[in-house]
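Below you'll find the structure, written out as structure tokens, and then a few comments.
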Amino acid sequence: MNTITHTPGYGAAQRVAPVIEQFLGGPPPVRIRMWDGSETGPEGAPTVHVRSRRALRRLLWQPGELGLAEAYITGDIDIADNLAAGLRAMRRASREQGTHLPRPRVADRLRAAGTALRLGAVGPRPPVPAARAAIGGALHSRARDRAAISHHYDLSNAFYSLLLDETMAYSCGYWTGTGPDYGPADAQRDKLELICRKLGLRPGARLLDIGCGWGSLTLHAAGRHGVRVTAVTLAEEQAAYVRGQVAERGLEDLVEVHCCDYRDVAALPGFRGGYDAVSTVEMGEHVGDAEYPAFTALLHAVLRPRGRALVQQMSRGSTAPGGGAFIESYIAPDMHMRLLGETVGLLEGAGLEVRDVESMREHYVRTVEAWHRTLEERWPEFVALVGEETARVWRLYLVGGALAFEERRMGVDQILSVRPDAEGSAGLPATRHDWYAGLGATAGQDGRTPAEPVVAVPRPGAGR
């Protein structure tokens, strides 16, 4: 067990140590080094460097997770060794000391303010980092949803091109390999192919891709399987990128791209004919709690009888909130995650028959860790592109996200459902064997093996 030690003398670390213990309900799980060089906490533990008095001022004005996150974002606090190790140590201490930290009394707050005053840390509220989301309006109104999506996804196509692999898939991969020749792009192609197989996509089939992102599934389904895709996104940057890729790959006859709210899907051309399949990959987290029943009703409405719906969506653990103050303020405003069983119940309540649920939680740990490696390896490029504060936001987001999936506070699942016909037939295969046979053998930017041609399909209007 690590031993708590203090540096000689009586510096800032020794002054704040009793306050930290009072608020944590026990000794700090990390080593703390203050701006004057004084230290306290267990030897050998990750070191939190409090670089300035402003860090304490932030915590006085904004106690808890958000204050700590903003102190890190601005560089007022840093973890000198390894951010993941530091967060993991704090999470472990939280579990050992109980889920709920002690609620500070008025006397405790006054004592903390007195300590901050003696350290010269009392003053006006520090400015909020520019990377923090600033959106208004009624929750999940169309205007607010557009602003929330824009905050995250319109950061710039250049940023995401730097962070992601060549598939531009910003969602959990499906890792079928482990060797040095198998990487994030391979895991994403395997995920895309698995979705297409679960949906039973064939040449000429009609797919509605709600929340298409940068078009990874849209382009894979059209380019490899000859599927006619209607792609929908609320982000202008994404729509522009997908349209460019459609033109570059010669898929104009197969793909339509619409920049619109999912609630406007019913007004799109060709809606009345019914789709053979509908997909929504990690978009449902942006649909509010009150709005989700209408969303699942839409998934049912767009499908023809025996049509299939695949929802890949993050969930929260049974005792975890999902999201949190930092995520909702800096990454995904208004994000809502529910228990997996609640989502299944809502799909069934809309008249869909849930046929398969596959957890991908461990796959997301590997996916997010791959994104984080890219961020660190190309750190100067990210800083030059978006600035130091935004780069630190993403470092904290990716490290914290991987830890949340690792610890089962968050999960992600593929949920396959079907709209049965009037006789109750679902039209699904008897086994799942064909979904997984040979998965992982694909290669190339469009998910094809080198010898495999793009599927020839009839032109729109030439029959289904």
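Chain labels A, B, ... are given in the sequence in which chains occur in the structure tokens; within each chain residues are numbered consecutively from 1, and ligands are likewise numbered from 1 in the order shown.
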
**Q.** strand (DSSP E or B) residues, from DSSP on the backbone, in stretch 64-255 of chain A, as a ChimeraX atom specification
**A.** /A:77-79,206-210,228-233,255

Selected residues written out with N, CA and C atoms, as a short mmCIF file (atom, residue, chain, number, x, y, z; two decimals), in the first residue's frame:
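Generated file (part_31.cif):
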```
data_model
loop_
_atom_site.label_atom_id
_atom_site.label_comp_id
_atom_site.auth_asym_id
_atom_site.auth_seq_id
_atom_site.Cartn_x
_atom_site.Cartn_y
_atom_site.Cartn_z
N ILE A 77 -4.77 22.54 -13.93
CA ILE A 77 -4.43 21.26 -13.31
C ILE A 77 -3.92 20.34 -14.41
N ASP A 78 -2.92 19.58 -14.11
CA ASP A 78 -2.41 18.59 -15.06
C ASP A 78 -2.08 17.31 -14.31
N ILE A 79 -2.06 16.22 -15.02
CA ILE A 79 -1.61 14.95 -14.44
C ILE A 79 -0.28 14.63 -15.09
N ARG A 206 -33.56 -1.10 -50.34
CA ARG A 206 -33.62 0.30 -49.93
C ARG A 206 -33.30 0.40 -48.44
N LEU A 207 -32.29 1.21 -48.13
CA LEU A 207 -31.84 1.42 -46.75
C LEU A 207 -32.00 2.89 -46.38
N LEU A 208 -32.58 3.15 -45.22
CA LEU A 208 -32.63 4.48 -44.65
C LEU A 208 -31.60 4.54 -43.53
N ASP A 209 -30.58 5.38 -43.67
CA ASP A 209 -29.50 5.49 -42.69
C ASP A 209 -29.70 6.80 -41.93
N ILE A 210 -30.31 6.72 -40.74
CA ILE A 210 -30.62 7.91 -39.95
C ILE A 210 -29.42 8.22 -39.05
N ARG A 228 -29.55 0.85 -52.38
CA ARG A 228 -30.02 2.22 -52.62
C ARG A 228 -30.25 2.85 -51.25
N VAL A 229 -29.48 3.88 -50.93
CA VAL A 229 -29.44 4.42 -49.58
C VAL A 229 -29.95 5.86 -49.55
N THR A 230 -30.82 6.12 -48.59
CA THR A 230 -31.20 7.49 -48.24
C THR A 230 -30.48 7.80 -46.94
N ALA A 231 -29.52 8.72 -46.99
CA ALA A 231 -28.69 9.06 -45.84
C ALA A 231 -29.16 10.39 -45.25
N VAL A 232 -29.30 10.41 -43.93
CA VAL A 232 -29.83 11.59 -43.24
C VAL A 232 -28.87 11.99 -42.13
N THR A 233 -28.52 13.27 -42.08
CA THR A 233 -27.73 13.82 -40.98
C THR A 233 -28.19 15.24 -40.71
N VAL A 255 -27.20 6.74 -53.96
CA VAL A 255 -27.22 7.42 -52.67
C VAL A 255 -27.84 8.81 -52.77
#
```

Considering only C-alpha atoms, tabulate each residue of stretch 264-329 of chain A that lies at most 9 Å from stretch 423-427 of chain A along with its nearest interatomic pair and the corresponding distance in Å to one decimal; arrange the rows by chain and ascending residue number and present them as a tab-separated table.
```
residue	atom	partner	partner_atom	distance
A:Pro305	CA	A:Ala426	CA	8.1
A:Arg306	CA	A:Ala426	CA	5.0
A:Gly307	CA	A:Ala426	CA	8.0
A:Arg308	CA	A:Ala426	CA	8.7
```

Just-selected residues, N, CA, C and O atoms written as a short mmCIF file (atom, residue, chain, number, x, y, z; two decimals), in the first residue's frame:
```cif
data_model
loop_
_atom_site.label_atom_id
_atom_site.label_comp_id
_atom_site.auth_asym_id
_atom_site.auth_seq_id
_atom_site.Cartn_x
_atom_site.Cartn_y
_atom_site.Cartn_z
N PRO A 305 -43.38 -4.46 -44.41
CA PRO A 305 -43.49 -5.71 -43.65
C PRO A 305 -42.28 -6.61 -43.90
O PRO A 305 -41.81 -6.74 -45.03
N ARG A 306 -41.75 -7.18 -42.83
CA ARG A 306 -40.54 -8.01 -42.81
C ARG A 306 -39.26 -7.19 -43.00
O ARG A 306 -38.18 -7.75 -43.15
N GLY A 307 -39.40 -5.87 -42.98
CA GLY A 307 -38.22 -5.01 -43.01
C GLY A 307 -37.51 -5.02 -41.66
O GLY A 307 -38.13 -5.23 -40.62
N ARG A 308 -36.21 -4.77 -41.69
CA ARG A 308 -35.39 -4.88 -40.47
C ARG A 308 -34.85 -3.51 -40.04
O ARG A 308 -34.53 -2.66 -40.87
#
```

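Nearest residue to A:Ser171 among A:Arg105, A:His363, A:Arg33, A:His286 is A:His363, counting only C-alpha atoms.
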
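Closest approach to A:Ala320 from the set A:Arg409, A:Ala143, A:Pro333, A:Ser359 is made by A:Arg409, with distances taken over only C-alpha atoms.
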
Q. Which residue, A:Ala239, A:Pro124, A:Val227, A:Gly37, has the smallest gap to A:Leu254 when you use only C-alpha atoms?
A. A:Val227

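What separates atom CA of A:Val278 from atom CA of A:Gly411 is a distance of 21.9 Å.
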
Leaving out A:Ala404 and any residue of its chain fewer than 5 positions from it, which residues lie within 12 Å of it when counting only C-alpha atoms, given as a PDB file with N, CA and C atoms, in the first residue's frame?
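Dumped everything to result_18.pdb:
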```pdb
ATOM      1  N   ALA A  84      -4.865   8.510 -17.836  1.00  0.00           N
ATOM      2  CA  ALA A  84      -5.700   7.331 -17.600  1.00  0.00           C
ATOM      3  C   ALA A  84      -5.417   6.729 -16.235  1.00  0.00           C
ATOM      4  N   LEU A  87      -7.013   8.990 -13.529  1.00  0.00           N
ATOM      5  CA  LEU A  87      -8.466   8.836 -13.440  1.00  0.00           C
ATOM      6  C   LEU A  87      -8.837   7.484 -12.859  1.00  0.00           C
ATOM      7  N   ARG A  88      -8.087   6.447 -13.235  1.00  0.00           N
ATOM      8  CA  ARG A  88      -8.371   5.108 -12.717  1.00  0.00           C
ATOM      9  C   ARG A  88      -8.139   5.057 -11.203  1.00  0.00           C
ATOM     10  N   ARG A  91     -11.066   6.765  -9.536  1.00  0.00           N
ATOM     11  CA  ARG A  91     -12.263   5.929  -9.598  1.00  0.00           C
ATOM     12  C   ARG A  91     -12.162   4.781  -8.580  1.00  0.00           C
ATOM     13  N   MET A 314     -25.364   3.479 -27.460  1.00  0.00           N
ATOM     14  CA  MET A 314     -24.747   3.415 -26.141  1.00  0.00           C
ATOM     15  C   MET A 314     -25.816   3.331 -25.062  1.00  0.00           C
ATOM     16  N   SER A 315     -25.459   2.674 -23.978  1.00  0.00           N
ATOM     17  CA  SER A 315     -26.360   2.545 -22.837  1.00  0.00           C
ATOM     18  C   SER A 315     -25.587   2.911 -21.581  1.00  0.00           C
ATOM     19  N   ARG A 316     -26.293   3.082 -20.501  1.00  0.00           N
ATOM     20  CA  ARG A 316     -25.642   3.361 -19.229  1.00  0.00           C
ATOM     21  C   ARG A 316     -25.759   2.149 -18.314  1.00  0.00           C
ATOM     22  N   GLY A 317     -24.850   2.060 -17.354  1.00  0.00           N
ATOM     23  CA  GLY A 317     -24.925   1.008 -16.362  1.00  0.00           C
ATOM     24  C   GLY A 317     -26.089   1.243 -15.417  1.00  0.00           C
ATOM     25  N   ALA A 320     -25.123   3.987 -13.047  1.00  0.00           N
ATOM     26  CA  ALA A 320     -24.359   5.096 -13.618  1.00  0.00           C
ATOM     27  C   ALA A 320     -25.301   6.063 -14.316  1.00  0.00           C
ATOM     28  N   PRO A 321     -24.979   7.356 -14.299  1.00  0.00           N
ATOM     29  CA  PRO A 321     -25.887   8.332 -14.908  1.00  0.00           C
ATOM     30  C   PRO A 321     -25.828   8.344 -16.429  1.00  0.00           C
ATOM     31  N   GLY A 322     -24.682   7.962 -17.007  1.00  0.00           N
ATOM     32  CA  GLY A 322     -24.514   8.137 -18.444  1.00  0.00           C
ATOM     33  C   GLY A 322     -24.265   9.604 -18.727  1.00  0.00           C
ATOM     34  N   GLY A 323     -23.364   9.900 -19.633  1.00  0.00           N
ATOM     35  CA  GLY A 323     -23.049  11.303 -19.892  1.00  0.00           C
ATOM     36  C   GLY A 323     -22.326  11.909 -18.702  1.00  0.00           C
ATOM     37  N   GLY A 324     -22.942  12.887 -18.064  1.00  0.00           N
ATOM     38  CA  GLY A 324     -22.314  13.571 -16.950  1.00  0.00           C
ATOM     39  C   GLY A 324     -22.076  15.023 -17.287  1.00  0.00           C
ATOM     40  N   ILE A 327     -19.305  15.741 -20.098  1.00  0.00           N
ATOM     41  CA  ILE A 327     -19.730  15.305 -21.428  1.00  0.00           C
ATOM     42  C   ILE A 327     -20.817  16.224 -21.968  1.00  0.00           C
ATOM     43  N   ARG A 361     -19.381  -3.820 -25.742  1.00  0.00           N
ATOM     44  CA  ARG A 361     -18.736  -2.932 -24.774  1.00  0.00           C
ATOM     45  C   ARG A 361     -17.210  -3.006 -24.842  1.00  0.00           C
ATOM     46  N   GLU A 362     -16.659  -4.218 -24.809  1.00  0.00           N
ATOM     47  CA  GLU A 362     -15.199  -4.337 -24.864  1.00  0.00           C
ATOM     48  C   GLU A 362     -14.625  -3.833 -26.187  1.00  0.00           C
ATOM     49  N   TYR A 364     -15.652  -1.263 -27.704  1.00  0.00           N
ATOM     50  CA  TYR A 364     -15.544   0.198 -27.643  1.00  0.00           C
ATOM     51  C   TYR A 364     -14.309   0.637 -26.858  1.00  0.00           C
ATOM     52  N   VAL A 365     -13.895  -0.151 -25.877  1.00  0.00           N
ATOM     53  CA  VAL A 365     -12.654   0.178 -25.174  1.00  0.00           C
ATOM     54  C   VAL A 365     -11.511   0.248 -26.182  1.00  0.00           C
ATOM     55  N   VAL A 368     -11.978   3.352 -28.689  1.00  0.00           N
ATOM     56  CA  VAL A 368     -11.653   4.661 -28.112  1.00  0.00           C
ATOM     57  C   VAL A 368     -10.169   4.769 -27.812  1.00  0.00           C
ATOM     58  N   GLU A 369      -9.559   3.691 -27.363  1.00  0.00           N
ATOM     59  CA  GLU A 369      -8.118   3.719 -27.114  1.00  0.00           C
ATOM     60  C   GLU A 369      -7.332   3.961 -28.405  1.00  0.00           C
ATOM     61  N   LEU A 396      -9.322  14.391 -22.471  1.00  0.00           N
ATOM     62  CA  LEU A 396     -10.083  14.016 -21.284  1.00  0.00           C
ATOM     63  C   LEU A 396     -11.290  13.163 -21.655  1.00  0.00           C
ATOM     64  N   TYR A 397     -11.957  13.524 -22.741  1.00  0.00           N
ATOM     65  CA  TYR A 397     -13.140  12.790 -23.214  1.00  0.00           C
ATOM     66  C   TYR A 397     -12.784  11.355 -23.593  1.00  0.00           C
ATOM     67  N   LEU A 398     -11.720  11.173 -24.365  1.00  0.00           N
ATOM     68  CA  LEU A 398     -11.367   9.841 -24.844  1.00  0.00           C
ATOM     69  C   LEU A 398     -10.839   8.958 -23.714  1.00  0.00           C
ATOM     70  N   VAL A 399      -9.998   9.515 -22.863  1.00  0.00           N
ATOM     71  CA  VAL A 399      -9.477   8.726 -21.741  1.00  0.00           C
ATOM     72  C   VAL A 399     -10.605   8.353 -20.791  1.00  0.00           C
ATOM     73  N   ARG A 409     -19.651   1.235 -16.683  1.00  0.00           N
ATOM     74  CA  ARG A 409     -20.568   2.344 -16.420  1.00  0.00           C
ATOM     75  C   ARG A 409     -21.317   2.724 -17.681  1.00  0.00           C
ATOM     76  N   MET A 410     -20.730   2.387 -18.833  1.00  0.00           N
ATOM     77  CA  MET A 410     -21.379   2.595 -20.118  1.00  0.00           C
ATOM     78  C   MET A 410     -21.220   1.332 -20.950  1.00  0.00           C
ATOM     79  N   GLY A 411     -22.157   1.105 -21.835  1.00  0.00           N
ATOM     80  CA  GLY A 411     -22.086  -0.016 -22.758  1.00  0.00           C
ATOM     81  C   GLY A 411     -22.498   0.438 -24.144  1.00  0.00           C
ATOM     82  N   VAL A 412     -22.410  -0.458 -25.098  1.00  0.00           N
ATOM     83  CA  VAL A 412     -22.910  -0.199 -26.446  1.00  0.00           C
ATOM     84  C   VAL A 412     -23.395  -1.517 -27.008  1.00  0.00           C
TER      85      VAL A 412
END
```

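Distance annotation: of A:Glu377, A:Asp253, A:Glu291, A:Glu285, the residue with the minimal separation from A:Leu163 is A:Glu377; atom set is only C-alpha atoms.
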
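Nearest-residue note for A:Cys212: choosing from A:Val281, A:Leu199, A:Ala158, A:Val122, the minimum distance belongs to A:Val281, counting only C-alpha atoms.
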
Can you pull out the residues contacting A:Pro18? Cut-off 10 Å, using only C-alpha atoms, and skip same-chain residues under 2 positions away; I want them as a PDB file with N, CA, C and O atoms, in the first residue's frame.
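Contents of result00.pdb, as written:
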```pdb
ATOM      1  N   ALA A  13       0.425  22.544  -0.307  1.00  0.00           N
ATOM      2  CA  ALA A  13      -0.082  21.166  -0.264  1.00  0.00           C
ATOM      3  C   ALA A  13      -0.532  20.791   1.138  1.00  0.00           C
ATOM      4  O   ALA A  13      -1.571  20.151   1.322  1.00  0.00           O
ATOM      5  N   GLN A  14       0.248  21.198   2.129  1.00  0.00           N
ATOM      6  CA  GLN A  14      -0.111  20.865   3.505  1.00  0.00           C
ATOM      7  C   GLN A  14      -1.349  21.633   3.971  1.00  0.00           C
ATOM      8  O   GLN A  14      -2.126  21.147   4.788  1.00  0.00           O
ATOM      9  N   ARG A  15      -1.534  22.826   3.439  1.00  0.00           N
ATOM     10  CA  ARG A  15      -2.709  23.609   3.810  1.00  0.00           C
ATOM     11  C   ARG A  15      -3.996  23.004   3.244  1.00  0.00           C
ATOM     12  O   ARG A  15      -5.041  23.001   3.892  1.00  0.00           O
ATOM     13  N   VAL A  16      -3.925  22.501   1.987  1.00  0.00           N
ATOM     14  CA  VAL A  16      -5.148  22.006   1.351  1.00  0.00           C
ATOM     15  C   VAL A  16      -5.432  20.545   1.681  1.00  0.00           C
ATOM     16  O   VAL A  16      -6.557  20.083   1.494  1.00  0.00           O
ATOM     17  N   ILE A  20      -9.045  18.561   1.333  1.00  0.00           N
ATOM     18  CA  ILE A  20      -9.255  17.496   0.349  1.00  0.00           C
ATOM     19  C   ILE A  20      -9.803  16.253   1.032  1.00  0.00           C
ATOM     20  O   ILE A  20     -10.758  15.619   0.552  1.00  0.00           O
ATOM     21  N   GLU A  21      -9.214  15.887   2.157  1.00  0.00           N
ATOM     22  CA  GLU A  21      -9.674  14.694   2.877  1.00  0.00           C
ATOM     23  C   GLU A  21     -11.119  14.866   3.355  1.00  0.00           C
ATOM     24  O   GLU A  21     -11.903  13.907   3.336  1.00  0.00           O
ATOM     25  N   GLN A  22     -11.463  16.078   3.775  1.00  0.00           N
ATOM     26  CA  GLN A  22     -12.827  16.327   4.233  1.00  0.00           C
ATOM     27  C   GLN A  22     -13.833  16.141   3.101  1.00  0.00           C
ATOM     28  O   GLN A  22     -14.892  15.539   3.269  1.00  0.00           O
ATOM     29  N   PHE A  23     -13.469  16.640   1.924  1.00  0.00           N
ATOM     30  CA  PHE A  23     -14.407  16.583   0.800  1.00  0.00           C
ATOM     31  C   PHE A  23     -14.434  15.200   0.148  1.00  0.00           C
ATOM     32  O   PHE A  23     -15.451  14.808  -0.416  1.00  0.00           O
ATOM     33  N   LEU A  24     -13.322  14.462   0.218  1.00  0.00           N
ATOM     34  CA  LEU A  24     -13.279  13.125  -0.379  1.00  0.00           C
ATOM     35  C   LEU A  24     -13.752  12.046   0.584  1.00  0.00           C
ATOM     36  O   LEU A  24     -14.081  10.940   0.160  1.00  0.00           O
ATOM     37  N   GLY A  26     -11.759  10.815   2.804  1.00  0.00           N
ATOM     38  CA  GLY A  26     -10.586   9.997   3.050  1.00  0.00           C
ATOM     39  C   GLY A  26      -9.375  10.631   2.410  1.00  0.00           C
ATOM     40  O   GLY A  26      -9.470  11.679   1.760  1.00  0.00           O
ATOM     41  N   PRO A  27      -8.200  10.034   2.552  1.00  0.00           N
ATOM     42  CA  PRO A  27      -6.979  10.598   1.964  1.00  0.00           C
ATOM     43  C   PRO A  27      -7.047  10.590   0.444  1.00  0.00           C
ATOM     44  O   PRO A  27      -7.718   9.745  -0.157  1.00  0.00           O
ATOM     45  N   PRO A  28      -6.361  11.521  -0.210  1.00  0.00           N
ATOM     46  CA  PRO A  28      -6.388  11.576  -1.677  1.00  0.00           C
ATOM     47  C   PRO A  28      -5.738  10.337  -2.282  1.00  0.00           C
ATOM     48  O   PRO A  28      -4.730   9.847  -1.760  1.00  0.00           O
ATOM     49  N   ARG A 111     -14.547  26.488   5.891  1.00  0.00           N
ATOM     50  CA  ARG A 111     -13.149  26.155   6.137  1.00  0.00           C
ATOM     51  C   ARG A 111     -12.365  26.135   4.825  1.00  0.00           C
ATOM     52  O   ARG A 111     -11.226  26.620   4.758  1.00  0.00           O
ATOM     53  N   ALA A 112     -12.973  25.572   3.787  1.00  0.00           N
ATOM     54  CA  ALA A 112     -12.310  25.533   2.477  1.00  0.00           C
ATOM     55  C   ALA A 112     -12.102  26.940   1.934  1.00  0.00           C
ATOM     56  O   ALA A 112     -11.044  27.265   1.385  1.00  0.00           O
ATOM     57  N   THR A 115      -9.207  28.534   3.739  1.00  0.00           N
ATOM     58  CA  THR A 115      -7.920  28.040   3.237  1.00  0.00           C
ATOM     59  C   THR A 115      -7.579  28.698   1.904  1.00  0.00           C
ATOM     60  O   THR A 115      -6.440  29.129   1.684  1.00  0.00           O
TER      61      THR A 115
END
```

(Q) Going by DSSP on the backbone, which residues of stretch 140-305 of chain A come out as helix (DSSP H, G or I)? List them as a PyMOL selection string. (A) chain A and resi 142-153+157-163+184-198+216-225+236-248+262-267+271-273+284-286+292-302

(Q) Give me, as a list in words, all polymer residues having an atom no more than 7 Å from A:Thr296, counting only C-alpha atoms and skipping those fewer than 4 positions away in the same chain. (A) Tyr292, His300, Leu346, Leu347 and Ala350 of chain A

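You can rank A:Gly288, A:Ala121, A:Gln312, A:Ser156 by their closest distance to A:Leu139 using only C-alpha atoms, and at the top of that list sits A:Gly288.
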
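From atom CA of A:Ala85 back to atom CA of A:Trp394, the distance works out to 16.7 Å.
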
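Atom pair atom CA of A:Ile149 / atom CA of A:Ala332: separated by 7.5 Å.
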
(Q) Residues near A:Ala267, anyone? I mean within 12 Å using only C-alpha atoms, not counting same-chain ones fewer than 5 positions away, as an NGL selection string. (A) :A and (258 or 260-262 or 272 or 302)

Q.
When you look at A:Arg392 with a cut-off of 12 Å (counting only C-alpha atoms), what residues show up, excluding the ones that are within fewer than 4 positions of it in the same chain? I need them as a PyMOL selection string.
A. chain A and resi 69-79+83+129+131+330-331+372+375-376+379-380+382-383+386-388+396-400

Dump N, CA and C atoms for the selected residues as a compact mmCIF listing (two decimals), in the first residue's frame?
```txt
# COMPACT_ATOMS: atom_id res chain seq x y z
N ALA A 69 -12.84 19.29 -14.40
CA ALA A 69 -12.61 19.16 -15.84
C ALA A 69 -12.15 20.48 -16.44
N GLU A 70 -12.77 21.57 -16.03
CA GLU A 70 -12.40 22.87 -16.59
C GLU A 70 -11.01 23.30 -16.13
N ALA A 71 -10.64 22.93 -14.91
CA ALA A 71 -9.28 23.21 -14.47
C ALA A 71 -8.27 22.44 -15.31
N TYR A 72 -8.62 21.19 -15.70
CA TYR A 72 -7.72 20.42 -16.56
C TYR A 72 -7.68 21.01 -17.97
N ILE A 73 -8.85 21.35 -18.50
CA ILE A 73 -8.94 21.87 -19.87
C ILE A 73 -8.07 23.12 -20.04
N THR A 74 -8.10 23.99 -19.04
CA THR A 74 -7.36 25.25 -19.13
C THR A 74 -5.90 25.11 -18.75
N GLY A 75 -5.50 23.92 -18.28
CA GLY A 75 -4.12 23.72 -17.88
C GLY A 75 -3.82 24.15 -16.47
N ASP A 76 -4.83 24.57 -15.71
CA ASP A 76 -4.62 24.93 -14.31
C ASP A 76 -4.29 23.70 -13.48
N ILE A 77 -4.77 22.54 -13.93
CA ILE A 77 -4.43 21.26 -13.31
C ILE A 77 -3.92 20.34 -14.41
N ASP A 78 -2.92 19.58 -14.11
CA ASP A 78 -2.41 18.59 -15.06
C ASP A 78 -2.08 17.31 -14.31
N ILE A 79 -2.06 16.22 -15.02
CA ILE A 79 -1.61 14.95 -14.44
C ILE A 79 -0.28 14.63 -15.09
N LEU A 83 -2.73 10.33 -17.68
CA LEU A 83 -4.09 10.76 -17.36
C LEU A 83 -4.98 9.58 -17.05
N PRO A 129 -14.07 28.16 -20.27
CA PRO A 129 -13.33 27.83 -21.49
C PRO A 129 -14.19 27.99 -22.74
N ALA A 131 -14.32 26.33 -25.31
CA ALA A 131 -14.80 25.06 -25.89
C ALA A 131 -16.13 24.60 -25.31
N TYR A 330 -19.34 19.84 -22.77
CA TYR A 330 -18.26 20.03 -23.74
C TYR A 330 -18.33 19.13 -24.96
N ILE A 331 -18.98 17.99 -24.88
CA ILE A 331 -18.94 17.03 -25.98
C ILE A 331 -20.31 16.88 -26.63
N HIS A 372 -7.54 7.60 -29.07
CA HIS A 372 -6.69 8.32 -28.13
C HIS A 372 -5.22 8.22 -28.55
N LEU A 375 -4.62 10.70 -31.20
CA LEU A 375 -4.58 12.05 -30.64
C LEU A 375 -3.21 12.35 -30.05
N GLU A 376 -2.66 11.43 -29.28
CA GLU A 376 -1.36 11.66 -28.64
C GLU A 376 -0.23 11.67 -29.67
N TRP A 379 -0.44 14.98 -31.59
CA TRP A 379 -0.85 16.08 -30.71
C TRP A 379 -0.54 17.47 -31.29
N PRO A 380 0.66 17.75 -31.78
CA PRO A 380 0.93 19.09 -32.30
C PRO A 380 -0.01 19.47 -33.45
N PHE A 382 -3.16 18.42 -33.85
CA PHE A 382 -4.47 18.72 -33.28
C PHE A 382 -4.47 20.11 -32.64
N VAL A 383 -3.41 20.44 -31.91
CA VAL A 383 -3.33 21.74 -31.25
C VAL A 383 -3.32 22.86 -32.29
N VAL A 386 -7.14 23.00 -33.74
CA VAL A 386 -8.29 23.41 -32.92
C VAL A 386 -7.90 24.15 -31.65
N GLY A 387 -6.61 24.25 -31.35
CA GLY A 387 -6.18 24.94 -30.15
C GLY A 387 -5.96 23.99 -28.98
N GLU A 388 -5.16 24.46 -28.02
CA GLU A 388 -4.77 23.63 -26.87
C GLU A 388 -5.97 23.21 -26.03
N LEU A 396 -9.32 14.39 -22.47
CA LEU A 396 -10.08 14.02 -21.28
C LEU A 396 -11.29 13.16 -21.66
N TYR A 397 -11.96 13.52 -22.74
CA TYR A 397 -13.14 12.79 -23.21
C TYR A 397 -12.78 11.36 -23.59
N LEU A 398 -11.72 11.17 -24.37
CA LEU A 398 -11.37 9.84 -24.84
C LEU A 398 -10.84 8.96 -23.71
N VAL A 399 -10.00 9.51 -22.86
CA VAL A 399 -9.48 8.73 -21.74
C VAL A 399 -10.61 8.35 -20.79
N GLY A 400 -11.45 9.33 -20.45
CA GLY A 400 -12.57 9.04 -19.56
C GLY A 400 -13.58 8.10 -20.17
```
